[in-house]
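Q: Data: coords-v3.cif, mmCIF, C-alpha atoms.
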data_target
loop_
_atom_site.label_atom_id
_atom_site.label_comp_id
_atom_site.auth_asym_id
_atom_site.auth_seq_id
_atom_site.Cartn_x
_atom_site.Cartn_y
_atom_site.Cartn_z
CA MET A 480 35.45 8.38 -42.32
CA SER A 481 35.66 7.28 -38.75
CA THR A 482 33.11 7.81 -36.04
CA GLU A 483 33.85 8.06 -32.36
CA VAL A 484 31.44 6.55 -29.86
CA LYS A 485 31.65 8.65 -26.73
CA SER A 486 30.58 7.97 -23.20
CA PRO A 487 27.21 9.65 -22.56
CA ILE A 488 27.60 9.82 -18.77
CA PRO A 489 30.35 9.35 -16.20
CA GLY A 490 30.62 5.75 -15.03
CA LYS A 491 32.52 2.50 -15.10
CA ILE A 492 32.97 0.18 -18.09
CA VAL A 493 31.49 -3.17 -17.09
CA GLU A 494 31.60 -5.11 -20.31
CA ILE A 495 32.87 -4.58 -23.84
CA LEU A 496 30.71 -6.54 -26.26
CA VAL A 497 32.77 -6.10 -29.45
CA ASN A 498 36.33 -6.79 -30.62
CA VAL A 499 38.54 -4.84 -33.00
CA GLY A 500 37.58 -5.78 -36.54
CA ASP A 501 33.95 -6.63 -35.72
CA GLN A 502 31.24 -5.26 -37.97
CA VAL A 503 28.55 -3.42 -36.04
CA ALA A 504 25.22 -2.03 -37.10
CA GLU A 505 23.92 1.35 -36.04
CA ASP A 506 22.21 1.24 -32.63
CA GLU A 507 23.85 -2.07 -31.75
CA GLU A 508 24.75 -2.46 -28.09
CA ILE A 509 28.55 -2.39 -27.91
CA ILE A 510 29.43 -1.53 -24.33
CA VAL A 511 27.77 -1.90 -20.95
CA MET A 512 28.65 0.75 -18.40
CA GLU A 513 27.65 1.21 -14.83
CA ALA A 514 26.57 4.57 -13.47
CA MET A 515 24.75 5.21 -10.21
CA LYS A 516 24.72 1.46 -9.53
CA MET A 517 22.72 0.87 -12.69
CA LYS A 518 23.91 -0.92 -15.80
CA ASN A 519 23.44 1.10 -18.95
CA PRO A 520 23.90 -0.01 -22.54
CA VAL A 521 25.94 2.16 -24.90
CA TYR A 522 24.84 1.85 -28.53
CA SER A 523 26.95 2.35 -31.61
CA THR A 524 26.26 5.69 -33.28
CA ALA A 525 26.91 4.44 -36.81
CA ALA A 526 27.39 1.25 -38.81
CA GLY A 527 30.94 0.17 -39.53
CA SER A 528 33.83 -1.91 -38.33
CA VAL A 529 35.48 -1.49 -34.96
CA GLN A 530 38.85 0.22 -35.53
CA GLU A 531 39.93 0.80 -31.99
CA ILE A 532 38.69 0.21 -28.45
CA LYS A 533 39.97 2.96 -26.22
CA VAL A 534 38.86 1.66 -22.83
CA LYS A 535 39.25 -1.46 -20.73
CA GLU A 536 36.69 -3.31 -18.66
CA GLY A 537 36.65 -1.93 -15.14
CA GLU A 538 37.90 1.49 -16.22
CA GLU A 539 36.25 4.66 -14.87
CA VAL A 540 35.31 7.08 -17.65
CA ASN A 541 34.03 10.64 -17.82
CA GLU A 542 31.25 11.91 -20.03
CA ASP A 543 32.35 12.63 -23.61
CA GLN A 544 35.36 10.34 -23.33
CA VAL A 545 35.93 8.38 -26.53
CA LEU A 546 35.15 4.69 -25.98
CA VAL A 547 35.31 3.11 -29.42
CA VAL A 548 36.37 4.30 -32.86
CA LEU A 549 34.33 2.96 -35.76
CA GLY A 550 35.45 3.08 -39.37
CA MET B 1249 -5.20 -38.24 36.93
CA GLU B 1250 -6.25 -39.34 33.43
CA ASP B 1251 -8.64 -36.45 33.37
CA ALA B 1252 -5.84 -34.01 33.98
CA ILE B 1253 -3.73 -35.47 31.21
CA ILE B 1254 -6.59 -35.23 28.70
CA LYS B 1255 -7.29 -31.64 29.74
CA GLY B 1256 -3.63 -30.86 29.39
CA LEU B 1257 -3.48 -32.33 25.92
CA LEU B 1258 -6.64 -30.51 24.91
CA GLY B 1259 -4.89 -27.33 25.95
CA LEU B 1260 -2.56 -27.85 22.97
CA THR B 1261 -5.51 -27.58 20.59
CA VAL B 1262 -6.81 -24.23 21.86
CA GLY B 1263 -4.87 -22.33 19.22
CA PHE B 1264 -6.37 -24.45 16.44
CA GLN B 1265 -9.85 -23.95 17.86
CA HIS B 1266 -9.37 -20.20 17.79
CA LEU B 1267 -8.14 -20.40 14.25
CA LEU B 1268 -11.54 -21.78 13.29
CA ILE B 1269 -13.37 -19.07 15.21
CA ASP B 1270 -11.82 -16.11 13.45
CA TRP B 1271 -11.10 -16.65 9.74
CA ARG B 1272 -9.54 -13.21 9.48
CA ASN B 1273 -6.44 -14.39 11.29
CA VAL B 1274 -6.09 -17.22 8.79
CA ILE B 1275 -6.31 -14.76 5.90
CA MET B 1276 -3.68 -12.53 7.46
CA ILE B 1277 -1.30 -15.45 8.01
CA LEU B 1278 -1.67 -16.10 4.28
CA VAL B 1279 -1.11 -12.39 3.54
CA GLY B 1280 2.09 -12.57 5.61
CA GLY B 1281 3.12 -15.55 3.51
CA VAL B 1282 2.46 -13.62 0.29
CA LEU B 1283 4.56 -10.67 1.50
CA ILE B 1284 7.44 -13.00 2.31
CA TRP B 1285 7.02 -14.68 -1.09
CA LEU B 1286 7.11 -11.29 -2.85
CA GLY B 1287 10.30 -10.46 -0.98
CA ILE B 1288 12.09 -13.73 -1.68
CA LYS B 1289 10.84 -14.77 -5.10
CA LYS B 1290 10.13 -11.42 -6.68
CA ASP B 1291 12.99 -9.54 -4.99
CA CYS B 1292 10.46 -6.89 -4.07
CA GLU B 1293 11.99 -4.86 -1.19
CA PRO B 1294 12.99 -8.04 0.68
CA LEU B 1295 14.66 -6.10 3.50
CA LEU B 1296 11.25 -4.80 4.47
CA LEU B 1297 8.73 -7.27 3.20
CA LEU B 1298 10.41 -10.22 4.89
CA PRO B 1299 10.24 -8.86 8.45
CA ILE B 1300 6.82 -7.31 7.77
CA GLY B 1301 5.49 -10.64 6.49
CA PHE B 1302 6.95 -12.56 9.40
CA GLY B 1303 5.60 -10.04 11.90
CA CYS B 1304 2.19 -10.35 10.28
CA ILE B 1305 2.28 -14.12 10.79
CA LEU B 1306 3.51 -13.78 14.39
CA VAL B 1307 0.72 -11.48 15.42
CA ASN B 1308 -2.08 -13.40 13.74
CA ILE B 1309 -1.43 -16.70 15.41
CA PRO B 1310 -4.38 -16.94 17.83
CA LEU B 1311 -3.52 -16.18 21.46
CA SER B 1312 -0.26 -14.64 20.27
CA GLU B 1313 1.01 -12.34 22.97
CA VAL B 1314 3.71 -10.58 20.97
CA MET B 1315 1.68 -7.37 20.76
CA MET B 1316 0.01 -7.66 24.19
CA LYS B 1317 1.27 -5.55 27.07
CA ASP B 1318 4.89 -6.58 27.71
CA GLY B 1319 4.92 -8.74 24.56
CA PHE B 1320 8.32 -8.51 22.93
CA ILE B 1321 7.18 -6.68 19.81
CA ARG B 1322 4.93 -4.38 21.82
CA ILE B 1323 8.01 -3.29 23.74
CA ILE B 1324 9.87 -2.53 20.49
CA TYR B 1325 6.75 -0.82 19.07
CA ASP B 1326 6.27 1.42 22.09
CA ALA B 1327 9.94 2.33 22.12
CA GLY B 1328 10.44 3.00 18.44
CA ILE B 1329 7.19 3.53 16.53
CA ASP B 1330 5.01 5.13 19.17
CA THR B 1331 7.82 7.60 19.82
CA GLU B 1332 8.46 8.09 16.05
CA LEU B 1333 12.08 7.27 16.77
CA PHE B 1334 12.62 4.54 14.14
CA PRO B 1335 11.73 6.48 11.01
CA LEU B 1336 13.94 9.32 12.20
CA LEU B 1337 16.91 7.01 12.75
CA ILE B 1338 16.37 5.66 9.24
CA PHE B 1339 16.39 9.21 7.95
CA ILE B 1340 19.88 9.83 9.31
CA GLY B 1341 20.95 6.84 7.25
CA ILE B 1342 19.16 8.07 4.12
CA GLY B 1343 20.83 11.46 4.47
CA ALA B 1344 24.17 9.72 4.82
CA MET B 1345 23.53 7.70 1.65
CA THR B 1346 22.27 10.52 -0.57
CA ASP B 1347 24.46 12.66 -2.76
CA PHE B 1348 22.68 15.93 -3.38
CA GLY B 1349 25.39 16.90 -5.91
CA PRO B 1350 23.18 16.40 -8.99
CA VAL B 1351 20.50 18.74 -7.57
CA LEU B 1352 23.03 21.34 -6.52
CA ALA B 1353 24.65 21.24 -9.95
CA ARG B 1354 21.27 21.92 -11.56
CA PRO B 1355 18.98 23.62 -9.07
CA SER B 1356 16.16 23.68 -11.64
CA THR B 1357 15.71 19.92 -11.20
CA PHE B 1358 14.72 20.66 -7.62
CA LEU B 1359 11.50 22.16 -8.99
CA LEU B 1360 10.63 18.76 -10.44
CA GLY B 1361 11.21 17.27 -7.02
CA ALA B 1362 8.65 19.74 -5.70
CA ALA B 1363 6.16 19.12 -8.53
CA GLY B 1364 6.27 15.40 -7.81
CA GLN B 1365 4.73 16.04 -4.41
CA PHE B 1366 1.42 17.45 -5.61
CA GLY B 1367 -0.08 14.00 -5.59
CA ILE B 1368 0.10 14.11 -1.80
CA PHE B 1369 -2.16 17.13 -1.59
CA LEU B 1370 -4.57 15.92 -4.28
CA THR B 1371 -4.95 12.60 -2.48
CA LEU B 1372 -5.42 14.37 0.83
CA LEU B 1373 -8.35 16.30 -0.65
CA LEU B 1374 -9.80 13.12 -2.11
CA ALA B 1375 -9.51 11.25 1.18
CA LEU B 1376 -11.25 14.14 2.95
CA ALA B 1377 -13.99 14.09 0.33
CA LEU B 1378 -14.45 10.36 0.94
CA GLY B 1379 -15.07 11.10 4.59
CA PHE B 1380 -11.82 10.03 6.20
CA PRO B 1381 -11.12 11.98 9.40
CA LYS B 1382 -8.58 14.80 8.86
CA LEU B 1383 -5.63 13.10 10.51
CA GLU B 1384 -6.20 9.83 8.68
CA ALA B 1385 -6.57 11.68 5.37
CA ILE B 1386 -3.16 13.29 5.91
CA SER B 1387 -1.57 9.93 6.58
CA ILE B 1388 -3.12 8.49 3.43
CA GLY B 1389 -2.00 11.43 1.31
CA ILE B 1390 1.53 11.02 2.56
CA ILE B 1391 1.71 7.60 0.85
CA GLY B 1392 2.10 9.75 -2.25
CA ALA B 1393 5.45 10.92 -0.91
CA CYS B 1394 6.54 7.46 -2.03
CA ASP B 1395 8.75 7.48 0.98
CA GLY B 1396 8.34 4.78 3.61
CA PRO B 1397 9.88 6.51 6.63
CA THR B 1398 7.99 9.77 6.04
CA ALA B 1399 4.72 7.86 5.77
CA ILE B 1400 5.46 5.92 8.96
CA TYR B 1401 6.52 9.04 10.83
CA VAL B 1402 3.39 11.00 9.98
CA THR B 1403 1.02 8.08 10.43
CA SER B 1404 2.41 6.86 13.73
CA LYS B 1405 2.11 10.40 15.04
CA PHE B 1406 -1.43 11.14 13.91
CA ALA B 1407 -3.28 8.00 12.90
CA PRO B 1408 -1.55 4.93 14.38
CA GLN B 1409 -4.72 2.90 13.83
CA ILE B 1410 -4.06 2.79 10.08
CA LEU B 1411 -0.28 2.42 10.29
CA GLY B 1412 -0.27 -1.12 8.91
CA ALA B 1413 -2.26 -0.26 5.80
CA VAL B 1414 -0.37 2.97 5.11
CA SER B 1415 3.08 1.45 5.46
CA VAL B 1416 2.28 -1.62 3.44
CA ALA B 1417 0.90 0.63 0.72
CA ALA B 1418 3.91 2.95 0.83
CA TYR B 1419 6.48 0.19 0.62
CA SER B 1420 4.73 -2.02 -1.90
CA TYR B 1421 4.06 0.87 -4.27
CA MET B 1422 7.64 2.03 -3.93
CA ALA B 1423 8.65 -1.40 -5.16
CA LEU B 1424 6.08 -1.15 -7.94
CA VAL B 1425 7.33 2.18 -9.29
CA PRO B 1426 8.92 0.51 -12.35
CA VAL B 1427 5.50 -0.95 -13.20
CA ILE B 1428 3.28 1.99 -12.29
CA GLN B 1429 5.19 4.85 -13.90
CA PRO B 1430 6.02 3.92 -17.52
CA PRO B 1431 2.44 3.76 -18.87
CA ILE B 1432 1.64 7.15 -17.30
CA MET B 1433 4.83 8.65 -18.71
CA LYS B 1434 3.99 7.38 -22.16
CA LEU B 1435 0.38 8.51 -22.02
CA LEU B 1436 1.23 12.08 -21.10
CA THR B 1437 4.04 12.78 -23.56
CA THR B 1438 4.37 12.92 -27.32
CA LYS B 1439 6.94 10.82 -29.15
CA LYS B 1440 8.92 13.95 -29.96
CA GLU B 1441 9.01 15.00 -26.31
CA ARG B 1442 10.18 11.58 -25.18
CA GLU B 1443 12.97 11.60 -27.75
CA THR B 1444 14.39 14.92 -26.57
CA ILE B 1445 18.08 14.48 -25.92
CA MET B 1446 19.49 16.09 -22.81
CA GLU B 1447 23.27 16.25 -22.84
CA TYR B 1448 25.06 15.82 -19.60
CA LYS B 1449 27.93 18.08 -18.66
CA ALA B 1450 29.28 17.57 -15.17
CA LYS B 1451 29.36 20.78 -13.20
CA PRO B 1452 31.61 20.64 -10.21
CA VAL B 1453 29.90 21.55 -6.96
CA SER B 1454 32.21 23.06 -4.36
CA LYS B 1455 32.62 21.41 -1.00
CA THR B 1456 31.43 24.60 0.71
CA THR B 1457 28.14 24.42 -1.20
CA LYS B 1458 27.70 20.77 -0.29
CA LEU B 1459 28.37 21.56 3.37
CA LEU B 1460 26.20 24.64 3.51
CA PHE B 1461 23.25 22.98 1.79
CA PRO B 1462 22.17 20.71 4.69
CA LEU B 1463 22.72 23.48 7.22
CA VAL B 1464 20.75 26.07 5.29
CA ILE B 1465 17.88 23.67 4.54
CA THR B 1466 17.69 22.68 8.21
CA VAL B 1467 17.57 26.24 9.49
CA ILE B 1468 15.22 27.67 6.86
CA GLY B 1469 13.05 24.57 6.71
CA GLY B 1470 12.89 24.49 10.50
CA LEU B 1471 11.84 28.12 10.68
CA ILE B 1472 9.09 27.59 8.10
CA ALA B 1473 7.87 24.26 9.43
CA PRO B 1474 9.03 23.57 12.98
CA LYS B 1475 6.78 20.50 13.19
CA GLY B 1476 8.71 18.91 10.37
CA LEU B 1477 12.10 19.70 11.85
CA PRO B 1478 12.76 16.17 13.13
CA LEU B 1479 12.31 14.82 9.58
CA LEU B 1480 14.38 17.49 7.87
CA GLY B 1481 16.93 17.69 10.65
CA THR B 1482 17.74 14.00 10.67
CA ILE B 1483 18.10 13.63 6.89
CA MET B 1484 20.27 16.74 6.80
CA LEU B 1485 22.36 15.61 9.77
CA GLY B 1486 23.14 12.39 7.92
CA ASN B 1487 24.01 14.31 4.78
CA PHE B 1488 26.14 16.84 6.67
CA MET B 1489 28.14 14.03 8.24
CA ARG B 1490 28.63 12.50 4.79
CA GLU B 1491 29.79 15.70 3.16
CA SER B 1492 32.00 16.74 6.06
CA GLY B 1493 34.24 13.78 5.28
CA VAL B 1494 35.66 13.74 8.80
CA VAL B 1495 33.26 11.40 10.59
CA GLU B 1496 33.33 8.44 8.26
CA ARG B 1497 32.74 6.02 11.13
CA LEU B 1498 29.53 7.78 12.11
CA THR B 1499 28.38 8.04 8.50
CA LYS B 1500 29.02 4.34 7.92
CA ALA B 1501 27.27 3.40 11.17
CA SER B 1502 24.23 5.49 10.21
CA GLU B 1503 23.86 4.10 6.72
CA ASN B 1504 24.70 0.50 7.61
CA GLU B 1505 24.47 -0.76 11.19
CA ILE B 1506 21.88 1.66 12.57
CA ALA B 1507 19.74 1.63 9.42
CA ASN B 1508 19.85 -2.18 9.26
CA VAL B 1509 18.93 -2.78 12.88
CA VAL B 1510 16.14 -0.23 12.73
CA THR B 1511 14.83 -1.65 9.45
CA LEU B 1512 14.46 -5.05 11.10
CA PHE B 1513 12.60 -3.65 14.11
CA LEU B 1514 10.51 -1.36 11.96
CA GLY B 1515 9.47 -4.17 9.63
CA LEU B 1516 8.54 -6.48 12.47
CA CYS B 1517 6.48 -3.82 14.22
CA ILE B 1518 4.62 -2.86 11.07
CA GLY B 1519 3.84 -6.49 10.33
CA CYS B 1520 2.47 -6.78 13.83
CA THR B 1521 0.03 -3.92 13.28
CA MET B 1522 -1.68 -6.08 10.66
CA VAL B 1523 -3.97 -7.93 13.04
CA GLY B 1524 -6.73 -9.73 11.14
CA PRO B 1525 -9.88 -8.27 12.71
CA ALA B 1526 -8.50 -4.71 12.56
CA PHE B 1527 -6.90 -4.99 9.12
CA ILE B 1528 -9.50 -6.85 7.08
CA LYS B 1529 -12.08 -4.21 6.38
CA ALA B 1530 -13.18 -2.11 3.45
CA GLN B 1531 -11.25 0.87 4.80
CA THR B 1532 -7.92 -0.89 4.26
CA LEU B 1533 -8.73 -1.51 0.62
CA ILE B 1534 -9.72 2.14 0.16
CA ILE B 1535 -6.43 3.22 1.74
CA LEU B 1536 -4.50 0.93 -0.60
CA ALA B 1537 -6.43 2.29 -3.59
CA LEU B 1538 -5.90 5.92 -2.57
CA GLY B 1539 -2.20 5.31 -2.03
CA PHE B 1540 -1.94 3.88 -5.51
CA LEU B 1541 -3.73 6.91 -6.88
CA ALA B 1542 -1.40 9.22 -4.94
CA ILE B 1543 1.65 7.78 -6.66
CA CYS B 1544 0.01 7.94 -10.07
CA LEU B 1545 -0.92 11.59 -9.46
CA ASP B 1546 2.67 12.37 -8.39
CA THR B 1547 3.89 10.99 -11.68
CA VAL B 1548 1.27 12.94 -13.60
CA CYS B 1549 2.19 16.21 -11.84
CA GLY B 1550 5.91 15.60 -12.28
CA VAL B 1551 5.66 14.83 -15.99
CA CYS B 1552 3.30 17.76 -16.61
CA PHE B 1553 5.69 20.08 -14.84
CA GLY B 1554 8.46 18.63 -17.00
CA LYS B 1555 6.37 19.61 -20.03
CA ILE B 1556 6.02 23.14 -18.71
CA MET B 1557 9.78 23.32 -18.17
CA ARG B 1558 10.27 22.07 -21.71
CA VAL B 1559 8.23 24.97 -23.05
CA VAL B 1560 9.96 27.51 -20.81
CA THR B 1561 13.44 26.34 -21.78
CA GLY B 1562 12.60 26.22 -25.48
CA GLY B 1563 12.58 22.44 -25.76
CA LYS B 1564 15.72 21.61 -23.80
CA ILE B 1565 14.08 19.51 -21.11
CA ASN B 1566 12.80 16.01 -21.66
CA PRO B 1567 9.55 15.84 -19.68
CA LEU B 1568 10.19 12.22 -18.77
CA ILE B 1569 12.62 13.33 -16.06
CA GLY B 1570 9.63 14.83 -14.24
CA ALA B 1571 8.58 11.30 -13.30
CA ALA B 1572 11.74 11.06 -11.20
CA GLY B 1573 10.54 13.92 -8.98
CA ILE B 1574 9.23 11.46 -6.41
CA SER B 1575 11.04 10.16 -3.42
CA ALA B 1576 11.49 6.53 -4.48
CA PHE B 1577 15.26 6.77 -4.77
CA PRO B 1578 16.87 5.68 -7.02
CA MET B 1579 14.14 3.54 -8.59
CA ALA B 1580 12.33 6.45 -10.22
CA ALA B 1581 15.51 7.79 -11.81
CA ARG B 1582 16.29 4.35 -13.20
CA VAL B 1583 12.81 4.09 -14.66
CA VAL B 1584 13.33 7.42 -16.44
CA GLN B 1585 16.72 6.35 -17.81
CA LYS B 1586 15.28 3.09 -19.12
CA GLU B 1587 12.25 4.71 -20.71
CA GLY B 1588 14.31 7.49 -22.27
CA LEU B 1589 16.68 4.99 -23.84
CA LYS B 1590 13.75 2.99 -25.14
CA TYR B 1591 12.59 5.87 -27.30
CA ASN B 1592 15.98 7.21 -28.31
CA LYS B 1593 19.15 5.19 -28.12
CA ARG B 1594 21.28 8.31 -27.81
CA ASN B 1595 19.44 9.56 -24.80
CA TYR B 1596 20.87 9.16 -21.32
CA LEU B 1597 18.61 10.89 -18.86
CA LEU B 1598 20.08 9.18 -15.80
CA MET B 1599 22.06 12.07 -14.33
CA HIS B 1600 19.25 14.58 -14.87
CA ALA B 1601 16.75 12.14 -13.42
CA MET B 1602 19.01 11.62 -10.40
CA GLY B 1603 18.84 15.35 -9.79
CA ALA B 1604 15.06 15.34 -9.89
CA ASN B 1605 15.01 12.20 -7.76
CA ALA B 1606 17.25 13.65 -5.05
CA GLY B 1607 15.06 16.75 -5.22
CA GLY B 1608 12.04 14.50 -4.71
CA GLN B 1609 13.69 12.97 -1.68
CA ILE B 1610 13.94 16.33 0.07
CA GLY B 1611 10.71 17.45 -1.58
CA SER B 1612 8.65 14.77 0.12
CA VAL B 1613 10.11 15.58 3.52
CA ILE B 1614 9.53 19.29 2.99
CA ALA B 1615 5.99 18.62 1.75
CA ALA B 1616 5.26 16.62 4.90
CA ALA B 1617 6.81 19.32 7.07
CA ILE B 1618 4.79 22.04 5.38
CA MET B 1619 1.60 20.03 5.72
CA LEU B 1620 2.25 19.66 9.45
CA ALA B 1621 3.00 23.37 9.78
CA ILE B 1622 -0.22 24.34 8.02
CA LEU B 1623 -2.25 21.94 10.15
CA ALA B 1624 -0.64 23.29 13.29
CA GLY B 1625 -1.50 26.79 12.08
CA MET B 1626 -5.11 25.72 11.52
CA GLY B 1627 -5.20 24.25 15.00
CA VAL B 1628 -5.96 20.70 13.79
CA ILE B 1629 -2.90 19.31 15.53
#
Could you show the structure in this file as structure tokens?
A:
Amino acid sequence: MSTEVKSPIPGKIVEILVNVGDQVAEDEEIIVMEAMKMKNPVYSTAAGSVQEIKVKEGEEVNEDQVLVVLG
Amino acid sequence: MEDAIIKGLLGLTVGFQHLLIDWRNVIMILVGGVLIWLGIKKDCEPLLLLPIGFGCILVNIPLSEVMMKDGFIRIIYDAGIDTELFPLLIFIGIGAMTDFGPVLARPSTFLLGAAGQFGIFLTLLLALALGFPKLEAISIGIIGACDGPTAIYVTSKFAPQILGAVSVAAYSYMALVPVIQPPIMKLLTTKKERETIMEYKAKPVSKTTKLLFPLVITVIGGLIAPKGLPLLGTIMLGNFMRESGVVERLTKASENEIANVVTLFLGLCIGCTMVGPAFIKAQTLIILALGFLAICLDTVCGVCFGKIMRVVTGGKINPLIGAAGISAFPMAARVVQKEGLKYNKRNYLLMHAMGANAGGQIGSVIAAAIMLAILAGMGVI
């Protein structure tokens, strides 16, 4: 079963801390995004391996946009 | 001939001799050094603390004439602080920088911005109880607005003798918001409350609303509190220019060039009000302590109001966002985001906190305006 990690707020992707295939634990910091001139960590919502990264560094995202798919 | 040369050379030591006579100047030169150090090393509001610290050193060098009649800083002071012009010019810039969108999207957060101002009034009462004259008590309370320009505006108008202490308190506490607020936020809330998730759904705000908002606030606010109109009017003028989208050059000038130049002059002048003999007294310490209390009380009121809103909405509001209802923008909102995330890694309070924070920004100006209106009504001013 795959889990989607969605963007909690609108902002810009500053840094992607994982690669496809990486194992991540729940609550691990996987992406750093910037909103309102503040850097915010995005944590993984489940444990699993990274199946797909749907965004690129520097990309502007909206809230609820899927960032990473975990499997 | 030799006599004259020796006398001339002795003239060069007069400053040093004076330094020995009044130790308070020495202390203040050190204080200026500490302010500069805080700005450079600790990155604590350097844009303000650096000129303030330097001004403080300039004015405390014995026989310094910078603040005497026709001294260069006295000229700037009389032109910009005595006339209350500088804080107002800064306000145009603040208005031009602030996006009131998050408040307009969720008008309820505006209430938090109002709740965060209660500290001002509580501190005012306390200062009165401690025996400060009315006008000084008002200026001390206004530190609780956590808003430098508002504090300077009110103080320079009504109690210029304590301007140095009030502005140093206002600006240093603003910088200390990330240290002052979290323990209070934690103390007042339960773990469950802090973990409350607030989802964010962007609500578009129409351009008409954004344009009407500054106009309506100016007119209504002005009618309620004419004495506060310069404060409200300038912040709203800046915001109106921003939202209009047709005067980008003026907006940019207000938020960059004008604000920068004025910040430099403002900082220097405030530093130069910190003259040793007038600054080093128990009263200054009491003002600093009361200012600290004012900001703590703001946080307490904001968070408590957040708790009330949580009950009213059936648990949908995370009371932590109440702490952002002060004017320190955007520091307070960032503190809330950080704290929220600390207790629940799925919780992003930033956008809600920004709403409360922008509300606090107007809230503090409105609170000051209302205070002035009431005092005018009472015949105090």
Q: Do you have the atom CA of Glu1443 of chain B-atom CA of Ile1543 of chain B distance handy?
A: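 It comes out at 24.2 Å.
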Q: Smallest atom-to-atom distance to chain B: which of A:Val540, A:Ile509, A:Val529, A:Met517, using all atoms listed in the file?
A: A:Met517
Q: Give as a tab-separated table (two decimals) with C-alpha atoms, in the coordinates of the input the residues that the PyMOL selection byres ((chain B and resi 1421-1428) around 7) matches when applied to the coordinates above.
A:
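Ended up saving to expr06.tsv:
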chain	number	residue	atom	x	y	z
B	1292	CYS	CA	10.46	-6.89	-4.07
B	1293	GLU	CA	11.99	-4.86	-1.19
B	1394	CYS	CA	6.54	7.46	-2.03
B	1417	ALA	CA	0.90	0.63	0.72
B	1418	ALA	CA	3.91	2.95	0.83
B	1419	TYR	CA	6.48	0.19	0.62
B	1420	SER	CA	4.73	-2.02	-1.90
B	1429	GLN	CA	5.19	4.85	-13.90
B	1430	PRO	CA	6.02	3.92	-17.52
B	1431	PRO	CA	2.44	3.76	-18.87
B	1540	PHE	CA	-1.94	3.88	-5.51
B	1576	ALA	CA	11.49	6.53	-4.48
B	1579	MET	CA	14.14	3.54	-8.59
B	1580	ALA	CA	12.33	6.45	-10.22
B	1583	VAL	CA	12.81	4.09	-14.66
Q: Need to verify the contact set: Arg1442 of chain B, 8 Å, all atoms listed in the file, exclusion of same-chain residues closer than 5 positions in sequence. Can you return it as a PyMOL selection string?
A: chain B and resi 1437+1566-1568+1588+1591-1592
Q: I want to know what sits within 8 Å of Lys485 of chain A, based on all atoms listed in the file, with residues of the same chain fewer than 4 positions away left out; could you give that as a ChimeraX atom specification?
A: /A:542-547
